[in-house]
$ cat final14.cif   # mmCIF, C-alpha atoms
data_start
loop_
_atom_site.label_atom_id
_atom_site.label_comp_id
_atom_site.auth_asym_id
_atom_site.auth_seq_id
_atom_site.Cartn_x
_atom_site.Cartn_y
_atom_site.Cartn_z
CA MET C 25 74.64 0.89 -49.97
CA GLY C 26 75.59 -0.72 -46.67
CA SER C 27 72.70 0.43 -44.46
CA LEU C 28 70.06 -2.07 -45.63
CA ASP C 29 70.08 -5.47 -43.93
CA LEU C 30 69.09 -8.56 -45.92
CA SER C 31 70.47 -11.07 -43.41
CA GLY C 32 68.60 -14.37 -43.69
CA ARG C 33 67.12 -13.50 -47.07
CA LYS C 34 67.44 -15.84 -50.05
CA ALA C 35 67.74 -14.52 -53.60
CA LEU C 36 67.80 -15.79 -57.18
CA VAL C 37 69.25 -13.40 -59.77
CA THR C 38 68.94 -14.23 -63.47
CA GLY C 39 71.56 -13.19 -66.00
CA ALA C 40 74.01 -12.78 -63.13
CA ALA C 41 77.19 -14.07 -64.78
CA GLN C 42 78.24 -10.57 -65.85
CA GLY C 43 77.26 -6.91 -66.07
CA LEU C 44 74.35 -5.56 -64.07
CA GLY C 45 73.25 -9.01 -62.89
CA GLU C 46 76.66 -9.75 -61.40
CA GLY C 47 76.60 -6.38 -59.65
CA MET C 48 73.12 -7.05 -58.29
CA ALA C 49 74.15 -10.47 -56.96
CA LYS C 50 77.17 -8.95 -55.21
CA ALA C 51 75.14 -6.10 -53.71
CA LEU C 52 72.51 -8.49 -52.36
CA ALA C 53 75.24 -10.68 -50.85
CA ALA C 54 76.98 -7.64 -49.37
CA ALA C 55 73.71 -6.72 -47.66
CA GLY C 56 73.57 -10.18 -46.07
CA ALA C 57 71.48 -12.28 -48.47
CA LYS C 58 72.50 -15.65 -49.84
CA VAL C 59 72.31 -15.71 -53.61
CA VAL C 60 71.87 -18.22 -56.40
CA VAL C 61 73.36 -16.96 -59.66
CA SER C 62 71.42 -18.06 -62.74
CA ASP C 63 72.72 -17.76 -66.31
CA VAL C 64 73.21 -19.61 -69.58
CA GLN C 65 76.95 -18.96 -69.18
CA LYS C 66 77.99 -21.83 -66.93
CA ASP C 67 81.68 -21.09 -66.32
CA ALA C 68 81.20 -17.37 -65.77
CA GLY C 69 78.16 -17.96 -63.54
CA GLU C 70 79.96 -20.50 -61.38
CA ALA C 71 82.87 -18.06 -61.03
CA VAL C 72 80.53 -15.35 -59.74
CA ALA C 73 78.96 -17.77 -57.23
CA ASP C 74 82.43 -18.86 -56.05
CA ALA C 75 83.44 -15.22 -55.64
CA LEU C 76 80.35 -14.59 -53.49
CA ASP C 77 81.28 -17.52 -51.27
CA LYS C 78 84.83 -16.25 -50.84
CA GLU C 79 83.86 -12.67 -50.08
CA TYR C 80 80.61 -13.05 -48.16
CA GLY C 81 80.66 -16.59 -46.77
CA ALA C 82 79.56 -19.98 -48.07
CA GLY C 83 75.99 -20.85 -49.01
CA ASN C 84 75.63 -19.23 -52.43
CA GLY C 85 75.27 -21.22 -55.65
CA PHE C 86 74.80 -21.36 -59.41
CA VAL C 87 72.16 -22.87 -61.68
CA ALA C 88 72.38 -23.15 -65.46
CA HIS C 89 69.25 -21.41 -66.71
CA ASP C 90 67.77 -20.34 -70.04
CA VAL C 91 65.03 -17.96 -68.92
CA SER C 92 63.00 -18.55 -72.10
CA ASP C 93 62.65 -22.27 -71.24
CA GLU C 94 59.84 -23.16 -68.85
CA GLY C 95 61.49 -26.40 -67.76
CA ASP C 96 64.61 -24.46 -66.84
CA TRP C 97 62.49 -22.13 -64.69
CA GLU C 98 60.95 -25.08 -62.84
CA ASN C 99 64.45 -26.44 -62.23
CA ALA C 100 65.88 -23.05 -61.22
CA VAL C 101 63.39 -22.32 -58.43
CA VAL C 102 63.69 -25.86 -57.07
CA ALA C 103 67.50 -25.65 -57.20
CA ALA C 104 67.51 -22.23 -55.54
CA ASN C 105 65.19 -23.45 -52.78
CA ASP C 106 67.39 -26.51 -52.24
CA ILE C 107 70.64 -24.53 -52.17
CA LEU C 108 69.36 -21.67 -50.04
CA GLY C 109 66.73 -23.39 -47.92
CA GLY C 110 64.05 -21.06 -49.26
CA LEU C 111 63.50 -18.21 -51.70
CA ASP C 112 62.12 -14.74 -50.98
CA ILE C 113 63.87 -12.47 -53.51
CA LEU C 114 63.80 -12.92 -57.28
CA VAL C 115 65.52 -10.49 -59.65
CA ASN C 116 64.43 -10.95 -63.27
CA ASN C 117 67.50 -9.33 -64.82
CA ALA C 118 68.35 -11.54 -67.82
CA GLY C 119 67.83 -9.68 -71.07
CA ILE C 120 69.26 -9.08 -74.52
CA GLU C 121 69.47 -6.05 -76.80
CA ILE C 122 69.88 -6.27 -80.57
CA THR C 123 70.33 -2.86 -82.17
CA SER C 124 68.55 -2.36 -85.50
CA LEU C 125 66.64 0.21 -87.47
CA LEU C 126 62.97 -0.67 -87.82
CA THR C 127 63.42 -0.88 -91.60
CA GLU C 128 66.12 -3.54 -91.15
CA VAL C 129 65.13 -5.61 -88.10
CA THR C 130 64.51 -9.31 -88.81
CA ALA C 131 61.80 -11.57 -87.49
CA ASP C 132 64.43 -13.75 -85.82
CA GLU C 133 65.89 -10.74 -83.98
CA ILE C 134 62.42 -9.71 -82.83
CA ARG C 135 61.61 -13.21 -81.60
CA LYS C 136 64.90 -13.51 -79.72
CA MET C 137 64.29 -10.28 -77.77
CA LEU C 138 60.67 -11.19 -77.10
CA GLU C 139 61.62 -14.67 -75.88
CA VAL C 140 64.35 -13.57 -73.47
CA ASN C 141 62.98 -10.22 -72.31
CA VAL C 142 59.21 -10.74 -72.30
CA LEU C 143 58.69 -14.50 -72.15
CA GLY C 144 61.65 -14.92 -69.77
CA THR C 145 60.41 -12.25 -67.38
CA THR C 146 56.82 -13.52 -67.53
CA LEU C 147 57.94 -17.04 -66.66
CA GLY C 148 60.08 -15.59 -63.88
CA ILE C 149 57.10 -13.81 -62.38
CA LYS C 150 55.03 -17.00 -62.73
CA TYR C 151 57.52 -19.22 -60.92
CA GLY C 152 58.51 -16.54 -58.44
CA LEU C 153 54.91 -16.09 -57.32
CA ARG C 154 54.21 -19.84 -57.28
CA THR C 155 57.31 -20.48 -55.18
CA MET C 156 56.88 -17.64 -52.67
CA ARG C 157 53.10 -17.60 -52.16
CA PRO C 158 51.44 -19.45 -49.25
CA GLY C 159 51.63 -23.18 -49.91
CA GLY C 160 54.44 -22.71 -52.43
CA LEU C 161 57.82 -24.42 -52.30
CA ALA C 162 59.24 -21.60 -50.17
CA GLY C 163 55.92 -20.09 -49.09
CA GLN C 164 57.17 -17.12 -47.05
CA GLY C 165 56.27 -14.25 -49.37
CA GLY C 166 58.94 -11.94 -50.66
CA ALA C 167 59.89 -9.50 -53.39
CA ILE C 168 60.23 -9.76 -57.15
CA ILE C 169 62.24 -7.07 -58.93
CA ASN C 170 62.04 -6.95 -62.72
CA VAL C 171 64.61 -5.08 -64.80
CA ALA C 172 63.08 -2.83 -67.43
CA SER C 173 65.07 0.07 -68.93
CA VAL C 174 65.04 3.81 -69.46
CA ALA C 175 64.37 2.68 -73.04
CA ALA C 176 60.79 2.01 -71.91
CA THR C 177 60.29 5.72 -71.22
CA ILE C 178 62.17 7.52 -74.03
CA ALA C 179 62.40 7.29 -77.83
CA PHE C 180 66.05 6.43 -78.52
CA PRO C 181 66.86 5.43 -82.10
CA GLY C 182 68.00 1.92 -83.01
CA ILE C 183 66.31 0.07 -80.14
CA ALA C 184 62.62 0.03 -81.00
CA VAL C 185 61.97 -3.64 -80.28
CA TYR C 186 64.15 -3.65 -77.17
CA SER C 187 62.23 -0.58 -75.96
CA ALA C 188 58.94 -2.37 -76.62
CA THR C 189 60.02 -5.41 -74.62
CA LYS C 190 61.07 -3.24 -71.69
CA SER C 191 57.74 -1.39 -71.82
CA ALA C 192 56.09 -4.80 -71.61
CA ILE C 193 58.04 -5.55 -68.43
CA ASP C 194 56.58 -2.40 -66.86
CA ARG C 195 53.01 -3.60 -67.55
CA LEU C 196 53.76 -7.16 -66.44
CA THR C 197 55.11 -5.80 -63.17
CA ARG C 198 52.00 -3.79 -62.36
CA VAL C 199 49.52 -6.55 -63.15
CA ALA C 200 51.63 -9.06 -61.21
CA ALA C 201 51.64 -6.73 -58.19
CA MET C 202 47.85 -6.40 -58.42
CA GLU C 203 47.28 -10.16 -58.70
CA SER C 204 49.69 -10.86 -55.84
CA GLY C 205 47.91 -8.37 -53.63
CA LYS C 206 44.38 -9.43 -54.54
CA LEU C 207 45.17 -13.12 -54.00
CA GLY C 208 47.11 -12.62 -50.75
CA TYR C 209 50.42 -13.96 -52.02
CA GLY C 210 52.51 -11.69 -49.80
CA VAL C 211 54.89 -10.94 -52.69
CA ARG C 212 55.71 -7.37 -53.69
CA VAL C 213 56.46 -6.90 -57.41
CA ASN C 214 58.35 -3.86 -58.67
CA CYS C 215 60.61 -2.95 -61.57
CA ILE C 216 63.51 -0.61 -62.19
CA TYR C 217 64.42 1.41 -65.27
CA PRO C 218 68.22 1.52 -65.44
CA GLY C 219 69.87 4.23 -67.48
CA LEU C 220 72.80 3.47 -69.77
CA VAL C 221 75.64 1.78 -67.90
CA PRO C 222 79.00 1.08 -69.60
CA THR C 223 78.75 -2.70 -69.33
CA ALA C 224 79.38 -4.95 -72.35
CA MET C 225 75.74 -4.42 -73.38
CA GLY C 226 75.95 -0.64 -73.01
CA ALA C 227 79.20 -0.41 -74.94
CA GLY C 228 77.76 -2.64 -77.65
CA LEU C 229 74.78 -0.33 -78.04
CA ALA C 230 77.02 2.73 -78.52
CA ASN C 231 79.10 0.90 -81.14
CA ASP C 232 76.01 -0.39 -82.94
CA CYS C 233 74.37 3.04 -83.06
CA ALA C 234 77.50 4.47 -84.68
CA GLU C 235 77.64 1.64 -87.22
CA LEU C 236 74.00 2.32 -88.17
CA GLY C 237 74.88 5.95 -88.90
CA LEU C 238 72.77 7.32 -86.06
CA PHE C 239 75.81 8.99 -84.45
CA GLU C 240 79.24 9.92 -85.80
CA SER C 241 81.04 7.62 -83.36
CA PRO C 242 80.43 5.48 -80.27
CA GLU C 243 81.77 8.39 -78.22
CA ALA C 244 79.19 10.70 -79.80
CA ALA C 245 76.44 8.23 -78.91
CA VAL C 246 77.59 8.17 -75.28
CA ALA C 247 77.84 11.96 -75.24
CA ALA C 248 74.25 12.17 -76.50
CA VAL C 249 73.07 9.96 -73.65
CA VAL C 250 74.98 12.04 -71.08
CA GLY C 251 73.52 15.17 -72.64
CA LEU C 252 70.01 13.81 -72.06
CA THR C 253 70.82 12.98 -68.42
CA PRO C 254 70.37 15.75 -65.81
CA ALA C 255 72.83 13.98 -63.49
CA GLY C 256 75.46 14.55 -66.18
CA ARG C 257 76.99 11.09 -66.30
CA LEU C 258 76.37 7.49 -67.25
CA GLY C 259 75.10 5.12 -64.61
CA GLU C 260 77.36 2.81 -62.63
CA VAL C 261 76.60 -0.81 -61.83
CA SER C 262 76.41 0.08 -58.13
CA ASP C 263 73.76 2.74 -58.83
CA ILE C 264 71.47 0.09 -60.27
CA ALA C 265 72.39 -2.67 -57.81
CA ASP C 266 71.69 -0.47 -54.78
CA ALA C 267 68.16 0.22 -56.07
CA VAL C 268 67.57 -3.54 -56.30
CA VAL C 269 68.74 -4.00 -52.71
CA PHE C 270 66.32 -1.28 -51.60
CA LEU C 271 63.35 -2.86 -53.40
CA ALA C 272 64.28 -6.25 -51.92
CA SER C 273 64.55 -4.86 -48.39
CA ASN C 274 62.03 -4.26 -45.64
CA GLU C 275 62.55 -0.51 -46.07
CA SER C 276 60.42 -0.76 -49.23
CA ARG C 277 57.74 -2.88 -47.52
CA PHE C 278 54.84 -0.63 -48.63
CA ILE C 279 56.04 -0.27 -52.21
CA THR C 280 54.58 -2.55 -54.88
CA GLY C 281 53.56 -2.16 -58.51
CA VAL C 282 56.11 0.62 -59.01
CA GLY C 283 58.55 1.36 -61.80
CA LEU C 284 61.58 3.07 -60.27
CA PRO C 285 63.77 5.09 -62.67
CA VAL C 286 67.47 4.70 -61.86
CA ASP C 287 68.63 6.79 -64.78
CA GLY C 288 69.98 10.08 -63.49
CA GLY C 289 66.79 11.79 -64.66
CA MET C 290 67.15 10.77 -68.32
CA GLY C 291 63.60 9.46 -68.63
CA MET C 292 61.76 12.19 -66.74
#
$ encode --input "final14.cif" --output "structure tokens"
Amino acid sequence: MGSLDLSGRKALVTGAAQGLGEGMAKALAAAGAKVVVSDVQKDAGEAVADALDKEYGAGNGFVAHDVSDEGDWENAVVAANDILGGLDILVNNAGIEITSLLTEVTADEIRKMLEVNVLGTTLGIKYGLRTMRPGGLAGQGGAIINVASVAATIAFPGIAVYSATKSAIDRLTRVAAMESGKLGYGVRVNCIYPGLVPTAMGAGLANDCAELGLFESPEAAVAAVVGLTPAGRLGEVSDIADAVVFLASNESRFITGVGLPVDGGMGM
């Protein structure tokens, strides 16, 4: 994006070892923020943090973090505050998608998506607000950006439970924004709905949908998504990352409780 200035800002991005999260971490750093990368993938996460240091200057870091574990959340916000000297941006990006027909989905698959996507995001909001509110560890207010999905707004086959978890993130976002405002926390809470992006997760979804017989091939699945998208293409990581930078910036200072589609019009 380039025009938004996050100099002096301090961010924690979950699930940032690859894919959209990595792109978000890089975009925030490019705008001037210092970033702590959080992920269960230690080696990949440390590599992203090292790359941020090399490209944008020292001061970034990594913390090993299972977002479904409350103790890990307590550790992550303390570690981020220690590394960065504060915390005023939290991006709840970590998420998983397991493709399945409703007639075949297992209880274990349902629980896994609920734990990472819903429990993980809820705990992120909890510790983000506690850390940024007056009297908190950082205590300077800030912005929380949750990552939902276009799946929360459309009925795409094979991803019912994933869609439900992303719809939950929308509701969590709005109630969190209301509580933050009512209680004077000084923290804006918004979410984005990314469209399909050809990351490892996006490619996996196309392959899975073909294997389930929903489309003739992965290419046909992708073509169906493009056909539903007025912009006429899949999303790019930078499309999504730039929206996160905007919602973290002062240019969005009067925006809270919003779900911002970044989907080329697919979910309209």
$ closest_atom_pairs --input "final14.cif" --of "region 106-195 of chain C" --to "region 52-65 of chain C" --cutoff "8 Å" --atoms "only C-alpha atoms" --output "Markdown table"
| residue | atom | partner | partner_atom | distance |
| --- | --- | --- | --- | --- |
| C:Ile107 | CA | C:Val60 | CA | 7.7 |
| C:Leu108 | CA | C:Lys58 | CA | 6.8 |
| C:Ala118 | CA | C:Asp63 | CA | 7.8 |
$ resolve_selection --input "final14.cif" --expression "the PyMOL selection byres ((chain C and resi 213) around 7)" --output "list of chain:residue names"
C:Ala167, C:Ile168, C:Ile169, C:Thr197, C:Ala200, C:Ala201, C:Val211, C:Arg212, C:Asn214, C:Thr280, C:Gly281
$ resolve_selection --input "final14.cif" --expression "the PyMOL selection byres ((chain C and resi 124) around 12)" --output "PyMOL selection string"
chain C and resi 121-123+125-131+133-134+137+180-187+229+231-238
$ write_last_selection --input "final14.cif" --atoms "C-alpha atoms" --output "compact mmCIF listing (two decimals), keeping the file's coordinate frame"
# COMPACT_ATOMS: atom_id res chain seq x y z
CA GLU C 121 69.47 -6.05 -76.80
CA ILE C 122 69.88 -6.27 -80.57
CA THR C 123 70.33 -2.86 -82.17
CA LEU C 125 66.64 0.21 -87.47
CA LEU C 126 62.97 -0.67 -87.82
CA THR C 127 63.42 -0.88 -91.60
CA GLU C 128 66.12 -3.54 -91.15
CA VAL C 129 65.13 -5.61 -88.10
CA THR C 130 64.51 -9.31 -88.81
CA ALA C 131 61.80 -11.57 -87.49
CA GLU C 133 65.89 -10.74 -83.98
CA ILE C 134 62.42 -9.71 -82.83
CA MET C 137 64.29 -10.28 -77.77
CA PHE C 180 66.05 6.43 -78.52
CA PRO C 181 66.86 5.43 -82.10
CA GLY C 182 68.00 1.92 -83.01
CA ILE C 183 66.31 0.07 -80.14
CA ALA C 184 62.62 0.03 -81.00
CA VAL C 185 61.97 -3.64 -80.28
CA TYR C 186 64.15 -3.65 -77.17
CA SER C 187 62.23 -0.58 -75.96
CA LEU C 229 74.78 -0.33 -78.04
CA ASN C 231 79.10 0.90 -81.14
CA ASP C 232 76.01 -0.39 -82.94
CA CYS C 233 74.37 3.04 -83.06
CA ALA C 234 77.50 4.47 -84.68
CA GLU C 235 77.64 1.64 -87.22
CA LEU C 236 74.00 2.32 -88.17
CA GLY C 237 74.88 5.95 -88.90
CA LEU C 238 72.77 7.32 -86.06
$ residues_around --input "final14.cif" --residues "Leu138 (chain C)" --least-positions-apart "2" --cutoff "12 Å" --atoms "all atoms listed in the file" --output "CSV table (one decimal) with C-alpha atoms, in the coordinates of the input"
chain,number,residue,atom,x,y,z
C,91,VAL,CA,65.0,-18.0,-68.9
C,92,SER,CA,63.0,-18.6,-72.1
C,119,GLY,CA,67.8,-9.7,-71.1
C,120,ILE,CA,69.3,-9.1,-74.5
C,121,GLU,CA,69.5,-6.0,-76.8
C,122,ILE,CA,69.9,-6.3,-80.6
C,131,ALA,CA,61.8,-11.6,-87.5
C,132,ASP,CA,64.4,-13.8,-85.8
C,133,GLU,CA,65.9,-10.7,-84.0
C,134,ILE,CA,62.4,-9.7,-82.8
C,135,ARG,CA,61.6,-13.2,-81.6
C,136,LYS,CA,64.9,-13.5,-79.7
C,140,VAL,CA,64.4,-13.6,-73.5
C,141,ASN,CA,63.0,-10.2,-72.3
C,142,VAL,CA,59.2,-10.7,-72.3
C,143,LEU,CA,58.7,-14.5,-72.2
C,144,GLY,CA,61.6,-14.9,-69.8
C,145,THR,CA,60.4,-12.2,-67.4
C,146,THR,CA,56.8,-13.5,-67.5
C,185,VAL,CA,62.0,-3.6,-80.3
C,186,TYR,CA,64.2,-3.6,-77.2
C,187,SER,CA,62.2,-0.6,-76.0
C,188,ALA,CA,58.9,-2.4,-76.6
C,189,THR,CA,60.0,-5.4,-74.6
C,190,LYS,CA,61.1,-3.2,-71.7
C,191,SER,CA,57.7,-1.4,-71.8
C,192,ALA,CA,56.1,-4.8,-71.6
C,193,ILE,CA,58.0,-5.6,-68.4
$ residues_near_point --input "final14.cif" --point "(72.4, 13.6, -62.6)" --cutoff "12 Å" --atoms "all atoms listed in the file" --output "list in words"
Gly219, Val249, Val250, Gly251, Leu252, Thr253, Pro254, Ala255, Gly256, Arg257, Leu258, Gly259, Glu260, Asp263, Val286, Asp287, Gly288, Gly289, Met290, Gly291 and Met292 of chain C
$ resolve_selection --input "final14.cif" --expression "the PyMOL selection byres ((chain C and resi 75) around 12)" --output "compact mmCIF listing (two decimals) with C-alpha atoms, in the frame of the given file"
# COMPACT_ATOMS: atom_id res chain seq x y z
CA ALA C 41 77.19 -14.07 -64.78
CA GLU C 46 76.66 -9.75 -61.40
CA GLY C 47 76.60 -6.38 -59.65
CA ALA C 49 74.15 -10.47 -56.96
CA LYS C 50 77.17 -8.95 -55.21
CA ALA C 53 75.24 -10.68 -50.85
CA ALA C 54 76.98 -7.64 -49.37
CA VAL C 59 72.31 -15.71 -53.61
CA VAL C 60 71.87 -18.22 -56.40
CA VAL C 61 73.36 -16.96 -59.66
CA ALA C 68 81.20 -17.37 -65.77
CA GLY C 69 78.16 -17.96 -63.54
CA GLU C 70 79.96 -20.50 -61.38
CA ALA C 71 82.87 -18.06 -61.03
CA VAL C 72 80.53 -15.35 -59.74
CA ALA C 73 78.96 -17.77 -57.23
CA ASP C 74 82.43 -18.86 -56.05
CA LEU C 76 80.35 -14.59 -53.49
CA ASP C 77 81.28 -17.52 -51.27
CA LYS C 78 84.83 -16.25 -50.84
CA GLU C 79 83.86 -12.67 -50.08
CA TYR C 80 80.61 -13.05 -48.16
CA GLY C 81 80.66 -16.59 -46.77
CA ALA C 82 79.56 -19.98 -48.07
CA GLY C 83 75.99 -20.85 -49.01
CA ASN C 84 75.63 -19.23 -52.43
CA GLY C 85 75.27 -21.22 -55.65
CA PHE C 86 74.80 -21.36 -59.41
$ closest_residue --input "final14.cif" --among "C:Ala88, C:Gly165, C:Phe270, C:Phe278" --to "Leu28 (chain C)" --atoms "all atoms listed in the file"
C:Phe270
$ residues_around --input "final14.cif" --residues "Asn105 (chain C)" --least-positions-apart "3" --cutoff "9 Å" --atoms "all atoms listed in the file" --output "list in words"
Lys34, Ala100, Val101, Val102, Leu108, Gly109, Gly110, Leu111, Thr155, Leu161 and Ala162 of chain C
$ write_last_selection --input "final14.cif" --atoms "C-alpha atoms" --output "mmCIF file, in the frame of the given file"
data_model
loop_
_atom_site.group_PDB
_atom_site.id
_atom_site.type_symbol
_atom_site.label_atom_id
_atom_site.label_comp_id
_atom_site.auth_asym_id
_atom_site.auth_seq_id
_atom_site.Cartn_x
_atom_site.Cartn_y
_atom_site.Cartn_z
ATOM 1 C CA LYS C 34 67.440 -15.840 -50.050
ATOM 2 C CA ALA C 100 65.880 -23.050 -61.220
ATOM 3 C CA VAL C 101 63.390 -22.320 -58.430
ATOM 4 C CA VAL C 102 63.690 -25.860 -57.070
ATOM 5 C CA LEU C 108 69.360 -21.670 -50.040
ATOM 6 C CA GLY C 109 66.730 -23.390 -47.920
ATOM 7 C CA GLY C 110 64.050 -21.060 -49.260
ATOM 8 C CA LEU C 111 63.500 -18.210 -51.700
ATOM 9 C CA THR C 155 57.310 -20.480 -55.180
ATOM 10 C CA LEU C 161 57.820 -24.420 -52.300
ATOM 11 C CA ALA C 162 59.240 -21.600 -50.170
#
$ closest_residue --input "final14.cif" --among "C:Leu147, C:Leu271, C:Val37, C:Val221" --to "Glu94 (chain C)" --atoms "only C-alpha atoms"
C:Leu147
$ closest_residue --input "final14.cif" --among "C:Leu114, C:Ala51, C:Leu207, C:Ala172" --to "Arg195 (chain C)" --atoms "only C-alpha atoms"
C:Ala172
$ atom_distance --input "final14.cif" --atom1 "CA of Gly45 (chain C)" --atom2 "CA of Val115 (chain C)"
8.5 Å
$ atom_distance --input "final14.cif" --atom1 "CA of Ala265 (chain C)" --atom2 "CA of Ser27 (chain C)"
13.7 Å
$ atom_distance --input "final14.cif" --atom1 "CA of Gly166 (chain C)" --atom2 "CA of Ala40 (chain C)"
19.6 Å
